[in-house]
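Before any comments, here is the structure.
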Amino acid sequence: MIVFNINHTDYTLLLKDLAAEFGIAFTGDDYVDLPESAGKGCIKILKLFDELQVLVADVTFNKTLITSREYSDSRFFILHFDDVNITNTAKLKVDGETLLKTNTRHAVARLTSNMFVNTEELPAGLHIRSIKILFSESWLKKYLDLSPEQPVLEKYLSLKTESFDIESLDTEYLRLMDDIFQVPQHDPLQNIFLQNRVTLLIERFFTRLHDKSSLLEGRFSLTDDEVQRLIKVEQLLINNLGETPPTIDEFSKLVSMSSTKLKKSFKGIYGDSIYAYYQKVRMQKARELLMSGKYKVNEAASTIGYQNTSNFIMAFKKQFGISPGEVAGLQ
């Protein structure tokens with residue numbers, strides 16, 4: 001088991017401490033190659049911006065990895081883009097609240113902060129592809145064009161485990177990540193290229209987060225607690241796309257909200273009715289499965305809960321204007 005505290009605001013120091021943890025010499029370069037005793041792969045820093053730090057990891061650890069970030073009064077944030085195929089159980093924990101992920105592809109963008117204690121426990125043998133962007137509260141306020149007195153956390157963010165999957169990685173996110181992982185090491189234009197891709201990741205995340213958070217701008221008369229309950233509904237919808245979701249009445253009881261208010265408020269946040277949103281998300285999931293080249297049409301259909309492949313084909317074509325067979329054939 002590897003246990004590592006990552007209370008760093010400097011990724012170079014993080015690499016140095018990682019090298020010490022693995023018992024290898026730190027050369028001062030912007031990367032650390034895992035020794036065979038720890039696993040395989042590389043963790044590196046991209047030095048692209050003055051106010052942002054970017055860490056890229058493409059690794060597999062031989063042992064269970066537990067990372068912990070403690071609470072700090074000095075506010076900073078980390079924007080994670082994580083793509084992990086979990087074949088056992090992974091554990092994410094924030095301030096005592098725990099989220100378990102089992103036998104799934106954990107492909108999400110999420111925002112965490114040192115204002116909460118964050119712990120991750122990943123079992124041995126997982127292939128982890130991750131891009132982490134660290135920035136200060138002042139940068140975030142400047143980026144979002146907020147005045148200094150506006151509380152970023154209360155206005156825009158929900159950093160508890162209920163919203164860990166606030167943004168699933170769709171094909172566009174994954175394409176941008178692939179571009180970053182695959183850029184040639186000695187390309188003379190690599191920094192310009194990488195700056196562009198990292199910027200697009202950031203813009204995409206915050207644009208979509210802002211859209212989801214529109215009710216916090218006062219457009220809807222909901223309390224912060226009601227917002228969290230709506231986020232919970234969204235998570236229950238998309239956490240297991242292979243199973244039939246709860247009914248509206250069941251959702252209403254689960255989150256203690258009338259069915260009328262639930263339906264109106266959900267559409268106000270997410271732009272679609274509950275089941276229209278669910279259908280869009282699972283069609284997007286099917287598209288990602290087909291584009292991976294690892295799933296046949298009937299397998300993708302079954303994975304998202306369709307027992308009748310013909311019905312799946314009709315729904316897919318209605319959503320994308322192209323048949324799932326054509327998408328699979330592009331690979």
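Convention: chains lettered A, B, ... in structure tokens order; per-chain residue numbering from 1; ligands numbered from 1 as shown.
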Quiz prompt | Within 7 Å of segment 241-243 of chain A using only C-alpha atoms, minus same-chain residues under 3 positions, as number ranges by chain | solution = A: 238, 282, 303-305
Quiz item: Given the choices A:Ser168, A:Ser113, A:Thr64, A:Asn308, which gets closest to Leu140 of chain A if the distance is worked out from only C-alpha atoms?
Solution: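 Nearest candidate to Leu140 of chain A out of A:Ser168, A:Ser113, A:Thr64, A:Asn308: A:Ser113.
Distance check against Val327 of chain A using only C-alpha atoms: of A:Lys264, A:Arg129, A:Arg287, A:His106, the minimum falls on A:Arg287.
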Practice problem: Do a neighbour search on Leu254 of chain A at 12 Å with only C-alpha atoms, toss out local chain neighbours closer than 6 positions, and write the hits as a PyMOL selection string. | Solution: chain A and resi 229-230+232-233+236+246-248+262
Practice problem: Have a look at A:Tyr11, A:Phe61, A:Phe312, A:Phe205 and name the one nearest to Leu111 of chain A; count only C-alpha atoms. | Solution: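 Looking only at the distances to Leu111 of chain A, the closest residue turns out to be A:Phe205.
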Quiz item: So which one's closest to Tyr173 of chain A, A:Thr60, A:Thr309, A:Thr199, A:Thr87? Using only C-alpha atoms, please.
Solution: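 Distance minimum relative to Tyr173 of chain A lands on A:Thr199.
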Quiz item: What lies within 8 Å of Ala38 of chain A using only C-alpha atoms, ignoring chain neighbours under 6 positions off, as a PyMOL selection string?
Solution: chain A and resi 22+61-63
Quiz item: Between atom CA of Ile274 of chain A and atom CA of Gly321 of chain A, what is the spacing in Å?
Solution: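 The value is 22.1 Å.
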Quiz item: With distances taken over only C-alpha atoms, which of A:Ser310, A:Tyr278, A:Ile45, A:Val84 is nearest to Gly28 of chain A?
Solution: A:Ile45
Quiz prompt | Nearest residue to Asp83 of chain A from the set A:Thr67, A:Ser130, A:Thr244, A:Thr260 (distances using only C-alpha atoms) | solution =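 Among A:Thr67, A:Ser130, A:Thr244, A:Thr260, it is A:Ser130 that comes nearest to Asp83 of chain A.
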Quiz prompt | Secondary structure check, helix (DSSP H, G or I) residues of segment 212-308 of chain A, as number ranges by chain | solution = A: 212, 214-217, 224-238, 248-255, 259-270, 274-291, 297-303
